[in-house]
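Here's the structure we're looking at; comments come further down.
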Amino acid sequence: MINKKINQLIIYGLEHNLLKEDDKYYAVNRILTILNLKKFNWEEIESTNFSEIIQGIIDFALKNKIITHDSITERDAFEARIVDCLIPRPSELNKIFRNYYKKAPRYATDFLHKFSIDTNYIKVNRIKKNIQYKYQGKYADLILAINLSKPEKDPMDIKKQNQDNSKYPICPLCMENVGSYQTPSLAPRSNHRVVSISLDNEKDAWGIQYSPYAYFNEHMIVLRKEHSDMYVNEKTFSELIDFINKFPHYLIGSNAGLPIVGGSILSHHHFQGGRFDFPIESARVIKKYKKNRVNIEVLDWPMATIRFSGNNENRILDMVNQVYQYWQTYTNEEIMVFAKTNEEHNTVTPIVKLNGSNYNFYMILRNNYTTKEFPYGLFHTKPERFHIKKENIGLIEVMGMAILPGRLMEELELIKDVLNQEKKISDDDLLLKHSKWIEELQSKNINEDIDIYLRDDIGRIFENMLEDANVFKFGDINNFLDFVEKAIY
Ligand SMILES: [Zn+2]
C-alpha cells in the first residue's frame, strides 16, 4: 500500500515537472528514510490526485508513529517535508526561474505560481472554501472575502509580535524559513522556496514567493532578504516602480510603515503584489491637475487617495516624493490631523500598476494618531464595527477588498437563527459582540433573501470602515483639494 503511494507520488512529481528523471532514485530514498522503510519496488501504475496520495502517506506515518499528533498543523508540516524530497533546491529553482525570465517575465511568474500550486504550498483546495462576493458600493463594486484559512489577529497583539526578536526564524517572512520544519507559531516551510530578484540596484537583495493564503490572483510577497523594519519613503517608491519595470504584468504595493495603519508584519520590509484588478482602479475622478507632465488625480474613494500617472518614471517619482514630503509635515488641527506628537503619525499606502505604457501610482494618505477615546486609532475602524473586523485596514482593504475573519461564517448562521426567532442573543457567547447589529436588523422589515441581505450589510459596514480611515473625514473634500493643490505647487 505505502509502496504504491510512493510510486504515485514519484509519478506525480515527474508529470508536474517537480522532479527530473535523474533525481527519482534519490527522491525515493529520501522518502524511505523519513518513513523508516527498508525497501521499495517500482510499480507500473498511474498517478492519482495529489491530495489522495499525500493523505495516504500521512496516514501511514501516523499509524507507524513517525508523527504523533493527528492535527492539521502536524499533517501539513509532514506533508511539506515529504514534498521537499521531490522538489529542486533553492539555487536550482532560481536557475529555472531565470531561464524563463529571459524569455518573458510572465513565463517566469507563471512557472513559479504553478510550482507553488503543484507543491501544495498554495493550498488551492482549502482556499476554494473561502467565500468571495461583490457589494455594489457608493464608490465602486467592493470585494468581500471571508477567509477561512488565516487566524484573525488583534492589532495590539501585532504590535507585541513585532517586538520579539528571540525566535528562529524571527518572523514568517525571514529567509530562514526556507526548508524549515514547522515551529509552533509558523506554518510548515520544508517545501518553501524563495526566488532572488534585484530591485533598485541592490543585486539579489530581494526574494519573491507566493502567499500561501492567496487572497487574490497570483498574490505575491516581495521581501527584503534581511530582516529589517519596514520603511515607507522615497526609497520604497523607487523600489515599487522598479518592481513594475521588472514585472510589468503585476500590481505592487506596500502597507503603510506605521502601526495601526500598516499591515501585520512591520518588522520585515516587504511588498505585496499580484495579477489582479482591484476596485480602487475603477474609482471616479473628482479633480484632475497636471504638473511637469504628470497627471495628478484626486479620486472619489472612501480614503484620501491621489493617483499620479504618466510615462516617465522619474517625473512620477519627483511628484510623488514632493507630495509625500508635504504630507509628512501636514498638520490641520481643525480636522484633527496631527503630523507629529511624541512620534510621527503621517504615512501613506503606496501602490503601482502599469496602464499601457503609463505608470499609475496610487498614494493613500494615512495617519495613526490615537486618543484616549480611540486607542486603536482615530483614523481606524470605529469600535462599533469591530464585531465584523478589528484588524488594521491594510493594503488589500485600502484597494477595496475586505479580508474578513473565518469566524463570521459560523456567526452569520447563528445570527440568522436569531432573526428567524429560533435563538436568542443570550443563547450563544459568539452572538454577544453582534448584539447591537442584530437589534438593528430585527427592527428592519427584511423582505429579501436573508443571506443576501446580511452579505450586503457587511459590504456596507466595510465601506464605512474605509471611510473611518479617511484622514479628511472630520473636514470635507475642500480640505483634501486644498492639501493637494498646496502639495503639488
Ligand atoms: Zn523577518
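Going by the C-alpha cells order, chains are called A, B, ..., each with residues numbered from 1, while ligands are numbered from 1 in the order shown.
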Residue set, stretch 170-321 of chain A restricted to helix (DSSP H, G or I), as a VMD selection string: chain A and resid 175 to 177 234 to 246 279 to 282 313 to 321
Residues as selected, N, CA and C atoms, written as a PDB file, in the first residue's frame, can you do that?
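Wrote it out as part-v6.pdb, contents follow:
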ATOM      1  N   MET A 175      14.215  34.708   5.494  1.00  0.00           N
ATOM      2  CA  MET A 175      14.786  33.687   4.610  1.00  0.00           C
ATOM      3  C   MET A 175      15.039  32.381   5.354  1.00  0.00           C
ATOM      4  N   GLU A 176      15.219  32.467   6.683  1.00  0.00           N
ATOM      5  CA  GLU A 176      15.470  31.268   7.488  1.00  0.00           C
ATOM      6  C   GLU A 176      14.299  30.291   7.452  1.00  0.00           C
ATOM      7  N   ASN A 177      13.161  30.723   6.922  1.00  0.00           N
ATOM      8  CA  ASN A 177      12.019  29.810   6.812  1.00  0.00           C
ATOM      9  C   ASN A 177      12.199  28.785   5.700  1.00  0.00           C
ATOM     10  N   GLU A 234      10.922  57.664   0.157  1.00  0.00           N
ATOM     11  CA  GLU A 234      11.323  57.835  -1.242  1.00  0.00           C
ATOM     12  C   GLU A 234      11.948  56.548  -1.800  1.00  0.00           C
ATOM     13  N   LYS A 235      12.713  55.856  -0.959  1.00  0.00           N
ATOM     14  CA  LYS A 235      13.361  54.634  -1.430  1.00  0.00           C
ATOM     15  C   LYS A 235      12.318  53.564  -1.776  1.00  0.00           C
ATOM     16  N   THR A 236      11.309  53.455  -0.904  1.00  0.00           N
ATOM     17  CA  THR A 236      10.226  52.492  -1.165  1.00  0.00           C
ATOM     18  C   THR A 236       9.579  52.756  -2.525  1.00  0.00           C
ATOM     19  N   PHE A 237       9.320  54.049  -2.802  1.00  0.00           N
ATOM     20  CA  PHE A 237       8.621  54.378  -4.051  1.00  0.00           C
ATOM     21  C   PHE A 237       9.466  53.952  -5.265  1.00  0.00           C
ATOM     22  N   SER A 238      10.797  54.159  -5.179  1.00  0.00           N
ATOM     23  CA  SER A 238      11.687  53.714  -6.265  1.00  0.00           C
ATOM     24  C   SER A 238      11.662  52.200  -6.394  1.00  0.00           C
ATOM     25  N   GLU A 239      11.659  51.515  -5.259  1.00  0.00           N
ATOM     26  CA  GLU A 239      11.644  50.048  -5.282  1.00  0.00           C
ATOM     27  C   GLU A 239      10.373  49.529  -5.952  1.00  0.00           C
ATOM     28  N   LEU A 240       9.248  50.187  -5.629  1.00  0.00           N
ATOM     29  CA  LEU A 240       7.972  49.734  -6.208  1.00  0.00           C
ATOM     30  C   LEU A 240       7.968  49.928  -7.724  1.00  0.00           C
ATOM     31  N   ILE A 241       8.432  51.098  -8.159  1.00  0.00           N
ATOM     32  CA  ILE A 241       8.474  51.374  -9.606  1.00  0.00           C
ATOM     33  C   ILE A 241       9.425  50.390 -10.286  1.00  0.00           C
ATOM     34  N   ASP A 242      10.536  50.113  -9.643  1.00  0.00           N
ATOM     35  CA  ASP A 242      11.490  49.183 -10.256  1.00  0.00           C
ATOM     36  C   ASP A 242      10.893  47.777 -10.363  1.00  0.00           C
ATOM     37  N   PHE A 243      10.107  47.399  -9.369  1.00  0.00           N
ATOM     38  CA  PHE A 243       9.451  46.091  -9.440  1.00  0.00           C
ATOM     39  C   PHE A 243       8.544  46.031 -10.675  1.00  0.00           C
ATOM     40  N   ILE A 244       7.809  47.122 -10.908  1.00  0.00           N
ATOM     41  CA  ILE A 244       6.899  47.165 -12.065  1.00  0.00           C
ATOM     42  C   ILE A 244       7.692  47.140 -13.378  1.00  0.00           C
ATOM     43  N   ASN A 245       8.861  47.766 -13.395  1.00  0.00           N
ATOM     44  CA  ASN A 245       9.703  47.676 -14.605  1.00  0.00           C
ATOM     45  C   ASN A 245      10.095  46.220 -14.869  1.00  0.00           C
ATOM     46  N   LYS A 246      10.321  45.474 -13.804  1.00  0.00           N
ATOM     47  CA  LYS A 246      10.769  44.082 -13.956  1.00  0.00           C
ATOM     48  C   LYS A 246       9.610  43.111 -14.158  1.00  0.00           C
ATOM     49  N   PRO A 279     -10.815  47.123  -6.967  1.00  0.00           N
ATOM     50  CA  PRO A 279     -11.873  48.133  -7.103  1.00  0.00           C
ATOM     51  C   PRO A 279     -11.349  49.571  -7.183  1.00  0.00           C
ATOM     52  N   ILE A 280     -10.285  49.894  -6.456  1.00  0.00           N
ATOM     53  CA  ILE A 280      -9.783  51.280  -6.433  1.00  0.00           C
ATOM     54  C   ILE A 280      -9.446  51.788  -7.837  1.00  0.00           C
ATOM     55  N   GLU A 281      -9.103  50.839  -8.741  1.00  0.00           N
ATOM     56  CA  GLU A 281      -8.708  51.250 -10.089  1.00  0.00           C
ATOM     57  C   GLU A 281      -9.891  51.811 -10.885  1.00  0.00           C
ATOM     58  N   SER A 282     -11.121  51.468 -10.453  1.00  0.00           N
ATOM     59  CA  SER A 282     -12.274  51.974 -11.206  1.00  0.00           C
ATOM     60  C   SER A 282     -12.924  53.181 -10.526  1.00  0.00           C
ATOM     61  N   GLU A 313       9.110  57.597 -15.452  1.00  0.00           N
ATOM     62  CA  GLU A 313       9.155  57.182 -14.047  1.00  0.00           C
ATOM     63  C   GLU A 313       9.819  58.222 -13.148  1.00  0.00           C
ATOM     64  N   ASN A 314      10.813  58.951 -13.675  1.00  0.00           N
ATOM     65  CA  ASN A 314      11.488  59.942 -12.833  1.00  0.00           C
ATOM     66  C   ASN A 314      10.585  61.126 -12.504  1.00  0.00           C
ATOM     67  N   ARG A 315       9.825  61.549 -13.506  1.00  0.00           N
ATOM     68  CA  ARG A 315       8.887  62.648 -13.243  1.00  0.00           C
ATOM     69  C   ARG A 315       7.834  62.224 -12.216  1.00  0.00           C
ATOM     70  N   ILE A 316       7.337  61.000 -12.372  1.00  0.00           N
ATOM     71  CA  ILE A 316       6.338  60.492 -11.419  1.00  0.00           C
ATOM     72  C   ILE A 316       6.938  60.464 -10.015  1.00  0.00           C
ATOM     73  N   LEU A 317       8.141  59.913  -9.915  1.00  0.00           N
ATOM     74  CA  LEU A 317       8.770  59.792  -8.596  1.00  0.00           C
ATOM     75  C   LEU A 317       9.003  61.163  -7.965  1.00  0.00           C
ATOM     76  N   ASP A 318       9.437  62.147  -8.783  1.00  0.00           N
ATOM     77  CA  ASP A 318       9.642  63.505  -8.248  1.00  0.00           C
ATOM     78  C   ASP A 318       8.355  64.051  -7.650  1.00  0.00           C
ATOM     79  N   MET A 319       7.261  63.882  -8.389  1.00  0.00           N
ATOM     80  CA  MET A 319       5.981  64.434  -7.927  1.00  0.00           C
ATOM     81  C   MET A 319       5.468  63.677  -6.697  1.00  0.00           C
ATOM     82  N   VAL A 320       5.607  62.345  -6.733  1.00  0.00           N
ATOM     83  CA  VAL A 320       5.182  61.522  -5.597  1.00  0.00           C
ATOM     84  C   VAL A 320       5.970  61.930  -4.339  1.00  0.00           C
ATOM     85  N   ASN A 321       7.278  62.086  -4.494  1.00  0.00           N
ATOM     86  CA  ASN A 321       8.121  62.452  -3.349  1.00  0.00           C
ATOM     87  C   ASN A 321       7.747  63.828  -2.797  1.00  0.00           C
TER      88      ASN A 321
END
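A distance cut-off of 6 Å from ligand 1, applied to only C-alpha atoms and all ligand atoms, picks out the residues A:Ile170, A:Cys171, A:Leu173, A:Cys174, A:His227, A:His268.
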Residues near stretch 251-258 of chain A, cut-off 9 Å, only C-alpha atoms, skip fewer than 3 positions along chain, as JSON, numbers by chain: {"A": [220, 222, 229, 230, 231, 232, 233, 236, 240, 241, 243, 244, 247, 248, 261, 262, 263, 264, 266, 269, 270, 271, 272, 273, 274, 275, 276, 277, 344, 345, 346, 347, 348, 349, 350, 351, 352, 353, 354, 362, 366, 367, 368, 394, 395, 396]}
Length of the atom CA of A:Ile57 to atom CA of A:Ile2 vector [Å]: 6.7 Å
All strand (DSSP E) positions in stretch 99-309 of chain A, as a short mmCIF file (atom, residue, chain, number, x, y, z; two decimals) with C-alpha atoms, in the first residue's frame:
data_model
loop_
_atom_site.label_atom_id
_atom_site.label_comp_id
_atom_site.auth_asym_id
_atom_site.auth_seq_id
_atom_site.Cartn_x
_atom_site.Cartn_y
_atom_site.Cartn_z
CA ILE A 131 -16.28 32.90 0.37
CA GLN A 132 -15.90 35.82 -2.02
CA TYR A 133 -18.58 38.17 -3.29
CA LYS A 134 -19.15 41.70 -4.54
CA TYR A 135 -21.00 44.56 -2.94
CA GLN A 136 -22.27 47.44 -5.07
CA ASP A 141 -18.07 47.35 -6.54
CA LEU A 142 -16.17 46.32 -3.42
CA ILE A 143 -14.94 42.76 -2.92
CA LEU A 144 -15.67 40.91 0.31
CA ALA A 145 -13.68 37.80 1.14
CA ILE A 146 -14.30 35.63 4.17
CA ASN A 147 -11.03 33.87 4.81
CA VAL A 195 13.40 33.23 -5.70
CA SER A 196 16.01 36.01 -5.68
CA ILE A 197 15.47 39.28 -7.52
CA SER A 198 17.24 42.65 -7.66
CA LEU A 199 15.42 45.91 -7.03
CA GLU A 202 20.55 46.07 -4.99
CA LYS A 203 21.58 42.80 -6.55
CA ASP A 204 19.72 39.73 -5.26
CA ALA A 205 18.80 41.61 -2.09
CA TRP A 206 15.16 40.65 -2.52
CA GLY A 207 13.12 37.48 -2.68
CA ILE A 208 9.73 36.65 -4.14
CA GLN A 209 7.28 33.96 -3.11
CA TYR A 210 3.55 33.44 -3.46
CA MET A 220 2.84 37.52 -4.33
CA ILE A 221 5.04 38.56 -1.42
CA VAL A 222 8.18 40.52 -2.27
CA LEU A 223 10.53 40.59 0.69
CA ARG A 224 13.89 42.04 1.58
CA LEU A 251 0.44 45.31 -9.48
CA ILE A 252 2.59 46.05 -6.42
CA GLY A 253 2.00 47.90 -3.18
CA HIS A 270 8.06 43.61 2.21
CA PHE A 271 5.52 44.34 -0.50
CA GLN A 272 2.51 42.51 -1.83
CA GLY A 273 1.58 42.20 -5.46
CA GLY A 274 -0.17 40.06 -8.00
CA VAL A 285 -12.02 61.21 -10.61
CA ILE A 286 -13.10 64.21 -8.53
CA LYS A 287 -10.48 66.63 -9.78
CA LYS A 288 -7.56 66.48 -12.16
CA TYR A 289 -4.33 68.52 -12.17
CA LYS A 290 -1.30 68.46 -14.41
CA LYS A 291 2.19 69.42 -13.33
CA VAL A 294 2.40 64.23 -14.58
CA ASN A 295 -1.37 63.82 -14.20
CA ILE A 296 -2.49 64.17 -10.62
CA GLU A 297 -6.00 62.97 -9.89
CA VAL A 298 -8.00 63.17 -6.69
CA LEU A 299 -10.14 60.04 -6.59
CA THR A 305 -6.42 58.83 -2.50
CA ILE A 306 -4.28 60.58 -5.12
CA ARG A 307 -3.35 58.92 -8.42
CA PHE A 308 -0.23 60.08 -10.26
CA SER A 309 0.12 58.96 -13.86
#
Minimum-distance residue to A:Ile11, chosen among A:Ile58, A:Leu365, A:Leu37, A:Leu86 (using only C-alpha atoms):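 Looking at the shortest contact to A:Ile11, the residue is A:Leu86.
Proximity ranking of A:Asn358, A:Thr371, A:Ser435, A:Asn29 relative to A:His387 places A:Ser435 first, based on only C-alpha atoms.
Using only C-alpha atoms, the smallest distance between any of A:Lys225, A:Arg284, A:His113, A:Lys138 and A:Pro212 comes from A:His113.
Distance annotation: of A:Leu14, A:Ile82, A:Ile54, A:Asp70, the residue with the minimal separation from A:Leu32 is A:Ile82; atom set is only C-alpha atoms.
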Interatomic distance, atom CA of A:Asn217 to atom CA of A:Asp110 (Å, one decimal):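 Between atom CA of A:Asn217 and atom CA of A:Asp110 the gap works out to 11.5 Å.
Across the structure, atom CA of A:Lys486 and atom CA of A:Asn332 are spaced 13.3 Å apart.
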